[in-house]
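Student: Sharing final27.cif below, mmCIF, C-alpha atoms:
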data_my_file
#
loop_
_atom_site.label_atom_id
_atom_site.label_comp_id
_atom_site.auth_asym_id
_atom_site.auth_seq_id
_atom_site.Cartn_x
_atom_site.Cartn_y
_atom_site.Cartn_z
CA MET A 1132 -11.40 50.26 4.08
CA GLU A 1133 -13.67 47.29 4.67
CA ARG A 1134 -10.79 44.98 3.80
CA ALA A 1135 -8.62 46.66 6.40
CA LEU A 1136 -11.36 46.35 9.01
CA VAL A 1137 -11.85 42.65 8.24
CA LEU A 1138 -8.12 41.97 8.44
CA MET A 1139 -7.85 43.93 11.68
CA GLY A 1140 -10.73 42.03 13.23
CA CYS A 1141 -9.29 38.68 12.19
CA ALA A 1142 -5.83 39.53 13.52
CA ILE A 1143 -7.16 40.78 16.86
CA GLY A 1144 -9.40 37.74 17.12
CA ALA A 1145 -6.48 35.40 16.44
CA GLY A 1146 -4.47 37.10 19.16
CA LEU A 1147 -7.35 36.82 21.60
CA ALA A 1148 -7.90 33.16 20.71
CA LEU A 1149 -4.36 32.33 21.79
CA ILE A 1150 -5.16 33.51 25.34
CA ALA A 1151 -6.57 29.98 25.58
CA GLY A 1152 -2.97 28.87 25.92
CA ILE A 1153 -2.76 30.12 29.50
CA GLY A 1154 -5.10 27.55 31.01
CA PRO A 1155 -3.41 24.43 29.63
CA GLY A 1156 -0.02 25.87 30.54
CA VAL A 1157 -0.98 26.25 34.19
CA GLY A 1158 -2.81 22.94 34.27
CA GLU A 1159 -0.04 20.94 32.63
CA GLY A 1160 2.55 22.45 34.93
CA TYR A 1161 0.44 21.47 37.90
CA ALA A 1162 0.02 17.92 36.57
CA ALA A 1163 3.76 17.58 35.96
CA GLY A 1164 4.51 18.89 39.46
CA LYS A 1165 2.12 16.40 41.03
CA ALA A 1166 3.66 13.61 38.97
CA LEU A 1167 7.10 14.58 40.25
CA GLU A 1168 5.80 14.48 43.81
CA ALA A 1169 4.40 11.02 43.18
CA ILE A 1170 7.69 9.85 41.65
CA ALA A 1171 9.60 11.23 44.64
CA ARG A 1172 7.33 9.27 46.94
CA GLN A 1173 7.36 6.03 44.95
CA PRO A 1174 10.33 5.94 42.55
CA GLU A 1175 9.56 2.30 41.61
CA LEU A 1176 6.35 3.38 39.84
CA THR A 1177 8.10 5.97 37.63
CA GLY A 1178 7.08 4.39 34.31
CA THR A 1179 3.40 4.10 35.13
CA ILE A 1180 3.22 7.58 36.62
CA ARG A 1181 4.98 9.08 33.63
CA SER A 1182 2.70 7.50 31.04
CA ASN A 1183 -0.41 8.44 33.01
CA MET A 1184 0.91 11.97 33.36
CA PHE A 1185 1.34 12.24 29.59
CA ILE A 1186 -2.24 11.07 29.03
CA GLY A 1187 -3.55 13.63 31.51
CA ILE A 1188 -1.43 16.38 30.01
CA ALA A 1189 -2.65 15.52 26.51
CA LEU A 1190 -6.25 15.69 27.68
CA ALA A 1191 -5.66 19.02 29.41
CA GLU A 1192 -4.13 20.33 26.21
CA THR A 1193 -7.40 20.06 24.28
CA THR A 1194 -8.74 23.52 25.16
CA GLY A 1195 -5.43 25.10 24.19
CA ILE A 1196 -5.51 23.24 20.88
CA TYR A 1197 -9.04 24.50 20.24
CA GLY A 1198 -7.77 28.04 20.77
CA PHE A 1199 -4.85 27.40 18.42
CA VAL A 1200 -7.11 25.95 15.70
CA THR A 1201 -9.41 28.96 16.05
CA GLY A 1202 -6.41 31.23 15.65
CA LEU A 1203 -5.30 29.35 12.53
CA LEU A 1204 -8.79 29.57 11.05
CA LEU A 1205 -8.91 33.30 11.77
CA ILE A 1206 -5.56 33.90 10.10
CA PHE A 1207 -5.68 31.59 7.08
CA VAL A 1208 -9.37 30.97 6.34
CA ALA A 1209 -11.54 33.73 7.75
CA PRO A 1210 -10.10 36.81 5.94
CA ARG A 1211 -10.64 35.31 2.49
CA MET A 1212 -14.13 34.15 3.44
CA PHE A 1213 -15.23 37.48 4.91
CA ILE A 1214 -13.66 39.56 2.13
CA GLY A 1215 -15.44 37.33 -0.37
CA MET A 1216 -18.70 38.11 1.40
CA LEU A 1217 -18.25 41.88 1.11
CA MET B 783 10.67 38.16 4.92
CA ASN B 784 8.46 35.55 3.35
CA VAL B 785 6.75 33.02 5.56
CA ASP B 786 5.48 30.00 3.69
CA ILE B 787 2.68 28.30 5.60
CA HIS B 788 0.16 26.40 3.53
CA GLY B 789 -2.18 23.43 3.63
CA ALA B 790 -1.64 20.18 1.80
CA PRO B 791 -0.53 21.01 -1.77
CA ILE B 792 -2.86 19.77 -4.52
CA LEU B 793 -0.92 17.57 -6.93
CA TYR B 794 -3.57 16.52 -9.40
CA ARG B 795 -7.26 17.10 -10.05
CA LEU B 796 -9.32 14.07 -11.04
CA PRO B 797 -11.84 15.21 -13.66
CA ILE B 798 -14.76 13.18 -12.25
CA PHE B 799 -17.66 14.19 -9.97
CA GLY B 800 -16.89 17.85 -10.55
CA GLY B 801 -13.20 17.48 -9.74
CA ILE B 802 -11.63 15.55 -6.89
CA ASN B 803 -8.38 16.97 -5.60
CA ILE B 804 -5.52 14.53 -5.09
CA THR B 805 -3.49 16.28 -2.41
CA SER B 806 -0.05 15.33 -1.23
CA THR B 807 -1.76 13.92 1.89
CA VAL B 808 -3.25 11.08 -0.12
CA VAL B 809 -0.03 10.32 -1.98
CA ILE B 810 2.22 10.41 1.10
CA THR B 811 -0.25 8.36 3.15
CA TRP B 812 -0.19 5.67 0.46
CA CYS B 813 3.61 5.82 0.43
CA VAL B 814 3.68 5.43 4.22
CA MET B 815 1.29 2.47 4.01
CA LEU B 816 3.51 0.89 1.34
CA VAL B 817 6.60 1.42 3.48
CA LEU B 818 4.89 -0.06 6.53
CA THR B 819 3.64 -3.07 4.57
CA LEU B 820 7.04 -3.75 3.05
CA LEU B 821 8.68 -3.32 6.46
CA CYS B 822 6.29 -5.82 8.03
CA ARG B 823 6.79 -8.28 5.15
CA TRP B 824 10.55 -7.96 5.48
CA LEU B 825 10.54 -8.29 9.28
CA THR B 826 8.33 -11.39 9.29
CA SER B 827 9.92 -13.25 6.39
CA ASP B 828 11.61 -16.61 7.16
CA LEU B 829 10.68 -16.86 10.84
CA LYS B 830 12.34 -19.63 12.85
CA VAL B 831 11.78 -21.25 16.24
CA ARG B 832 15.45 -21.72 17.08
CA ASP B 833 18.51 -19.55 16.37
CA ILE B 834 16.47 -16.46 15.64
CA SER B 835 18.05 -13.68 13.64
CA LYS B 836 18.33 -10.06 14.83
CA LYS B 837 15.55 -9.14 12.43
CA GLN B 838 13.20 -11.66 14.00
CA ALA B 839 14.18 -10.50 17.50
CA ALA B 840 13.20 -6.97 16.51
CA ALA B 841 9.89 -8.17 15.08
CA GLU B 842 9.13 -10.15 18.25
CA PHE B 843 10.04 -7.15 20.39
CA ILE B 844 7.62 -4.92 18.46
CA VAL B 845 4.79 -7.46 18.66
CA ASN B 846 5.39 -7.97 22.39
CA MET B 847 5.36 -4.22 22.96
CA ALA B 848 2.09 -3.82 21.06
CA GLU B 849 0.47 -6.67 22.98
CA SER B 850 1.53 -5.41 26.40
CA PHE B 851 0.47 -1.87 25.41
CA VAL B 852 -3.06 -3.07 24.63
CA ASP B 853 -3.05 -5.38 27.66
CA GLN B 854 -2.26 -2.53 30.07
CA ASN B 855 -4.94 -0.24 28.72
CA MET B 856 -7.75 -2.60 27.76
CA GLY B 857 -7.20 -5.90 29.50
CA GLU B 858 -6.50 -9.48 28.51
CA LYS B 859 -9.63 -10.25 26.47
CA TRP B 860 -9.12 -7.43 23.96
CA LYS B 861 -6.27 -9.17 22.13
CA ARG B 862 -8.02 -8.87 18.78
CA TYR B 863 -7.62 -5.09 18.87
CA VAL B 864 -3.82 -5.36 18.90
CA PRO B 865 -3.48 -5.21 15.07
CA PHE B 866 -5.85 -2.24 14.81
CA ILE B 867 -4.11 -0.22 17.51
CA ALA B 868 -0.66 -1.12 16.24
CA ALA B 869 -1.68 -0.15 12.69
CA ILE B 870 -2.95 3.26 13.79
CA PHE B 871 0.16 3.79 15.90
CA GLY B 872 2.51 2.91 13.05
CA LEU B 873 0.60 4.95 10.51
CA SER B 874 0.47 8.00 12.77
CA LEU B 875 4.14 7.72 13.73
CA PHE B 876 5.44 7.24 10.19
CA SER B 877 3.15 9.94 8.79
CA SER B 878 4.42 12.47 11.32
CA LEU B 879 8.03 11.41 10.85
CA SER B 880 7.73 11.88 7.07
CA SER B 881 8.26 15.59 7.76
CA LEU B 882 11.89 14.70 8.51
CA LEU B 883 12.30 13.97 4.80
CA GLY B 884 11.03 17.46 3.99
CA LEU B 885 7.64 16.18 2.90
CA PHE B 886 4.35 17.72 3.96
CA PRO B 887 3.32 15.40 6.82
CA PRO B 888 -0.15 13.86 6.20
CA THR B 889 -0.95 14.35 9.88
CA ALA B 890 -0.81 18.12 9.34
CA ASP B 891 -4.03 17.69 7.37
CA LEU B 892 -7.18 17.42 9.46
CA SER B 893 -8.75 14.93 7.00
CA THR B 894 -6.28 12.22 7.97
CA GLU B 895 -6.90 12.34 11.69
CA PHE B 896 -10.60 12.84 11.24
CA ALA B 897 -10.78 9.67 9.16
CA TRP B 898 -9.00 7.70 11.91
CA ALA B 899 -11.21 9.24 14.57
CA ILE B 900 -14.34 8.31 12.60
CA VAL B 901 -13.14 4.71 12.40
CA VAL B 902 -12.59 4.73 16.17
CA PHE B 903 -16.01 6.31 16.67
CA ILE B 904 -17.68 3.55 14.64
CA ILE B 905 -15.93 0.91 16.76
CA ILE B 906 -16.97 2.71 19.96
CA THR B 907 -20.60 2.77 18.83
CA TYR B 908 -20.45 -0.87 17.72
CA GLN B 909 -19.03 -2.02 21.05
CA ASN B 910 -21.58 0.04 22.95
CA LEU B 911 -24.48 -1.41 20.92
CA LYS B 912 -23.08 -4.91 21.32
CA ALA B 913 -22.70 -4.60 25.09
CA ASN B 914 -25.89 -2.73 25.95
CA GLY B 915 -28.28 -3.28 23.03
CA LEU B 916 -30.09 -0.47 21.25
CA GLY B 917 -32.24 0.36 24.27
CA GLY B 918 -29.27 0.47 26.61
CA TYR B 919 -27.30 2.59 24.15
CA LEU B 920 -30.09 5.16 23.91
CA LYS B 921 -30.69 5.00 27.65
CA GLY B 922 -27.00 5.73 28.24
CA PHE B 923 -27.57 9.22 26.85
CA CYS B 924 -30.16 9.94 29.55
CA GLU B 925 -27.71 9.44 32.42
CA PRO B 926 -27.83 10.71 35.13
CA ILE B 927 -31.16 12.43 34.35
CA PHE B 928 -33.20 12.93 31.19
CA VAL B 929 -32.44 16.67 30.97
CA MET B 930 -28.75 15.94 30.35
CA ALA B 931 -29.46 14.11 27.07
CA PRO B 932 -28.45 16.95 24.68
CA PHE B 933 -25.12 17.39 26.45
CA ASN B 934 -24.45 13.66 26.41
CA VAL B 935 -25.22 13.44 22.69
CA LEU B 936 -22.97 16.42 22.04
CA GLY B 937 -20.22 14.90 24.18
CA GLU B 938 -20.46 11.60 22.32
CA PHE B 939 -20.19 13.23 18.92
CA PHE B 940 -17.39 15.53 20.03
CA LYS B 941 -15.18 12.58 20.96
CA PRO B 942 -13.86 12.12 17.39
CA VAL B 943 -13.67 15.89 16.91
CA SER B 944 -11.54 16.43 20.01
CA MET B 945 -9.37 13.39 19.29
CA SER B 946 -8.63 14.49 15.75
CA PHE B 947 -8.16 18.16 16.67
CA ARG B 948 -5.67 17.25 19.40
CA HIS B 949 -3.44 15.31 17.03
CA PHE B 950 -3.88 17.83 14.20
CA GLY B 951 -3.22 20.85 16.41
CA ASN B 952 -0.03 19.42 17.84
CA VAL B 953 1.43 18.56 14.44
CA VAL B 954 0.36 21.83 12.80
CA SER B 955 1.68 23.93 15.67
CA GLY B 956 5.03 22.27 15.07
CA VAL B 957 4.87 23.06 11.35
CA VAL B 958 3.83 26.69 11.96
CA ILE B 959 6.39 27.39 14.68
CA SER B 960 9.22 25.75 12.73
CA SER B 961 8.51 27.77 9.60
CA LEU B 962 8.11 31.02 11.58
CA VAL B 963 11.43 30.47 13.39
CA TYR B 964 13.12 29.55 10.13
CA ALA B 965 11.86 32.69 8.36
CA ALA B 966 12.77 34.85 11.36
CA LEU B 967 16.30 33.44 11.52
CA ILE B 968 16.83 34.10 7.82
CA SER B 969 15.66 37.70 8.10
CA VAL B 970 17.75 38.30 11.25
CA ASN B 971 20.70 36.85 9.37
CA THR B 972 20.18 39.20 6.43
CA ALA B 973 19.72 42.25 8.69
CA LEU B 974 22.77 41.40 10.79
CA PHE B 975 25.27 40.78 8.02
CA ASN B 976 24.06 43.72 5.93
CA LEU B 977 25.53 45.91 8.70
CA ILE B 978 28.93 44.97 7.32
CA PRO B 979 29.50 47.46 4.50
CA GLY B 980 30.29 46.53 0.94
CA LYS B 981 30.15 43.32 -1.05
CA VAL B 982 31.27 41.13 1.87
CA GLY B 983 28.20 41.92 3.97
CA GLU B 984 25.88 41.40 1.05
CA LEU B 985 27.44 38.01 0.34
CA LEU B 986 27.31 36.89 3.98
CA GLY B 987 23.75 38.16 4.28
CA SER B 988 22.58 35.98 1.43
CA ILE B 989 23.88 32.81 3.12
CA PRO B 990 21.54 31.77 5.98
CA ILE B 991 24.27 30.87 8.48
CA LEU B 992 22.09 31.47 11.56
CA ALA B 993 19.38 29.18 10.21
CA VAL B 994 21.62 26.11 10.42
CA GLY B 995 21.57 24.94 14.04
CA LEU B 996 18.42 25.98 15.84
CA PRO B 997 15.75 24.47 13.54
CA SER B 998 17.24 21.02 14.14
CA ILE B 999 16.73 21.39 17.90
CA LEU B 1000 13.11 22.38 17.25
CA SER B 1001 12.79 19.40 14.93
CA LEU B 1002 14.01 17.14 17.74
CA TYR B 1003 11.03 18.18 19.82
CA PHE B 1004 8.34 18.72 17.20
CA ASP B 1005 9.21 15.82 14.91
CA TRP B 1006 10.60 13.11 17.16
CA PHE B 1007 9.08 13.67 20.59
CA SER B 1008 5.73 15.04 19.45
CA SER B 1009 5.24 12.34 16.81
CA PHE B 1010 5.72 9.56 19.33
CA MET B 1011 3.64 11.34 21.94
CA GLN B 1012 0.68 12.05 19.68
CA ALA B 1013 0.61 8.54 18.21
CA PHE B 1014 0.76 7.14 21.75
CA ILE B 1015 -1.99 9.40 23.04
CA PHE B 1016 -4.29 8.81 20.08
CA CYS B 1017 -4.00 5.05 20.62
CA VAL B 1018 -4.43 5.25 24.39
CA LEU B 1019 -7.54 7.40 24.03
CA SER B 1020 -9.04 5.07 21.40
CA MET B 1021 -8.43 2.09 23.67
CA VAL B 1022 -9.88 3.81 26.72
CA PHE B 1023 -12.97 4.93 24.80
CA ILE B 1024 -13.52 1.50 23.24
CA SER B 1025 -13.16 -0.42 26.48
CA THR B 1026 -15.35 1.98 28.46
CA ALA B 1027 -18.00 1.80 25.70
CA ALA B 1028 -18.16 -1.95 26.24
CA GLY B 1029 -18.85 -1.31 29.91
CA GLU B 1030 -15.47 -2.25 31.38
CA GLU B 1031 -13.54 -0.09 33.74
#
Could you express the structure from this file as structure tokens?
Tutor:
Amino acid sequence: MERALVLMGCAIGAGLALIAGIGPGVGEGYAAGKALEAIARQPELTGTIRSNMFIGIALAETTGIYGFVTGLLLIFVAPRMFIGML
Amino acid sequence: MNVDIHGAPILYRLPIFGGINITSTVVITWCVMLVLTLLCRWLTSDLKVRDISKKQAAAEFIVNMAESFVDQNMGEKWKRYVPFIAAIFGLSLFSSLSSLLGLFPPTADLSTEFAWAIVVFIIITYQNLKANGLGGYLKGFCEPIFVMAPFNVLGEFFKPVSMSFRHFGNVVSGVVISSLVYAALISVNTALFNLIPGKVGELLGSIPILAVGLPSILSLYFDWFSSFMQAFIFCVLSMVFISTAAGEE
């Protein structure tokens, strides 16, 4: 019974942690859209704009990655740890 | 349906200091370093001034790229960081690409990236101390006002954490999604062909026909694009952090 509860909590928590993916998705889309606008305005700067866009996107991704790592920990590490504690 | 997602497999256990695990990360990283060293030796052997060979042209192209990459992000006077940045870039790229050979990529292990990030963190701190002195370094934490000091300290020490987690998360998400899709395709394949009655369906169901094409498209993104991208971003962030630590914008 306790095992089931622990597993349930970990699974629900992992699902909730992946909600963190929404923010980076919106933000990266916005960044890419702005970069396209900039490229449309100044096509000669395409290379610079693209590399700067990738840097910005990678920075924006951090929060999503934190959510993903939390999800991984909840699925692969936490159940064993909590069940060991019981 | 069996999904096989695991950390770095332990190959051998050294019986000293209460047991040190030699994981595949260590072994493959050493292999990658060996490959890189041999590649560099081979590319730079018998260099000439005139009538250069294709091999030398490639070597010069790579060196030029590395130098202009550091130039753009750090400026002219940071030339001595070119080997460091190029080494991290090559190591990261080849480690991630080792998954193409079916190996467990060392970058899917947080220890690898964390080690690189700690090296970068030490360089950041060294440059900061060199540029501002100990007093200036400590005073930098009290910007803009004294109350912000805990947040600044936390932010400083989270730089390596966020750098390593970014690289790790991207590689591991690729590994997890690829293995999930692979397992799902195999089970869909089995379920689909078992609808055909008799021995024929059973035979077709045991051959993973559906799992042939799609994983390679995923591999194109997760292995090729993501490897390049993460190596690039890790290097750019290290360069930006190092040059801002030395007080240059």
Student: For the provided coordinates, the residues matched by the PyMOL selection byres ((chain B) within 8 of (chain A)) should be stated as a ChimeraX atom specification.
Tutor: /B:944,947-948,951-952,955,1015,1018
Student: Could you write out as a list of chain:residue names the residues that the PyMOL selection byres ((chain B and resi 1003-1011) around 9) matches in the shown file?
Tutor: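 Taken over the shown coordinates, the PyMOL selection byres ((chain B and resi 1003-1011) around 9) returns A:Phe1185, A:Ala1189, B:Phe871, B:Ser874, B:Leu875, B:Phe876, B:Ser877, B:Ser878, B:Leu879, B:Ser880, B:Ser881, B:Leu882, B:Asn952, B:Val953, B:Ser955, B:Gly956, B:Val957, B:Ser960, B:Ser998, B:Ile999, B:Leu1000, B:Ser1001, B:Leu1002, B:Gln1012, B:Ala1013, B:Phe1014, B:Ile1015, B:Phe1016.
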Student: Find the spatial neighbours of region 852-859 of chain B, counting all atoms listed in the file, within a cut-off of 12 Å - ignore same-chain residues fewer than 5 positions away - and output them as a PyMOL selection string.
Tutor: (chain A and resi 1179+1182-1183+1186) or (chain B and resi 845-847+864-868+871+1014-1015+1017-1031)
Student: Could you tell me which residues the PyMOL selection byres ((chain A and resi 1153) around 12) grabs in this file, written as a list in words?
Tutor: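 Written out, the selection comes to Leu1147, Ala1148, Leu1149, Ile1150, Ala1151, Gly1152, Gly1154, Pro1155, Gly1156, Val1157, Gly1158, Glu1159, Gly1160, Ala1191, Glu1192, Thr1194, Gly1195, Ile1196, Gly1198 and Phe1199 of chain A.
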Student: Grab the CA of Ser961 (chain B) to CA of Ile1214 (chain A) distance for me, in Å with one decimal place.
Tutor: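 Pair CA of Ser961 (chain B) / CA of Ile1214 (chain A) returns 26.2 Å.
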Student: Mind giving me the straight-line distance from CA of Leu793 (chain B) to CA of Ala897 (chain B) in Å, one decimal?
Tutor: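 One can read the CA of Leu793 (chain B) to CA of Ala897 (chain B) distance as 20.5 Å.
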Student: Calculated over all atoms listed in the file, which of the candidates B:Ser835, B:Thr819, B:Thr889, B:Thr972 has the smallest distance to Leu985 (chain B)?
Tutor: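 Looking at the shortest contact to Leu985 (chain B), the residue is B:Thr972.
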Student: By how many Å are CA of Leu992 (chain B) and CA of Phe975 (chain B) apart?
Tutor: 10.5 Å
Student: Could you put an axis-aligned box around every listed atom of region 996-1000 of chain B, padded by 3 Å on each side, and send me its centre and edge lengths in Å to one decimal, as AutoDock Vina command-line options?
Tutor:
--center_x 15.8 --center_y 23.5 --center_z 15.7 --size_x 11.3 --size_y 11.0 --size_z 10.4
Student: Which neighbours of Leu1138 (chain A) fall inside 12 Å, counting all atoms listed in the file, when residues of the same chain fewer than 2 positions from it are skipped, and could you give them as JSON, numbers by chain?
Tutor: {"A": [1132, 1133, 1134, 1135, 1136, 1140, 1141, 1142, 1143, 1144, 1145, 1205, 1206, 1207, 1208, 1209, 1210, 1211, 1212, 1213, 1214]}
Student: Show me, as a list of chain:residue names, the residues that have an atom within 12 Å of Ala966 (chain B) when counting all atoms listed in the file, minus same-chain residues fewer than 2 positions from it.
Tutor: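 What passes the distance filter is B:Met783, B:Asn784, B:Val785, B:Asp786, B:Ile959, B:Ser960, B:Ser961, B:Leu962, B:Val963, B:Tyr964, B:Ile968, B:Ser969, B:Val970, B:Asn971, B:Thr972, B:Ala973, B:Leu974, B:Pro990, B:Leu992, B:Ala993, B:Leu996, B:Pro997.
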Student: Fewer than 5 positions away in the same chain doesn't count, so skip those; otherwise give me all residues within 8 Å of region 1161-1170 of chain A, counting only C-alpha atoms, as a list in words.
Tutor: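 The neighbour list is Glu1175, Leu1176, Thr1177, Ile1180, Arg1181, Met1184, Gly1187 and Ile1188 of chain A.
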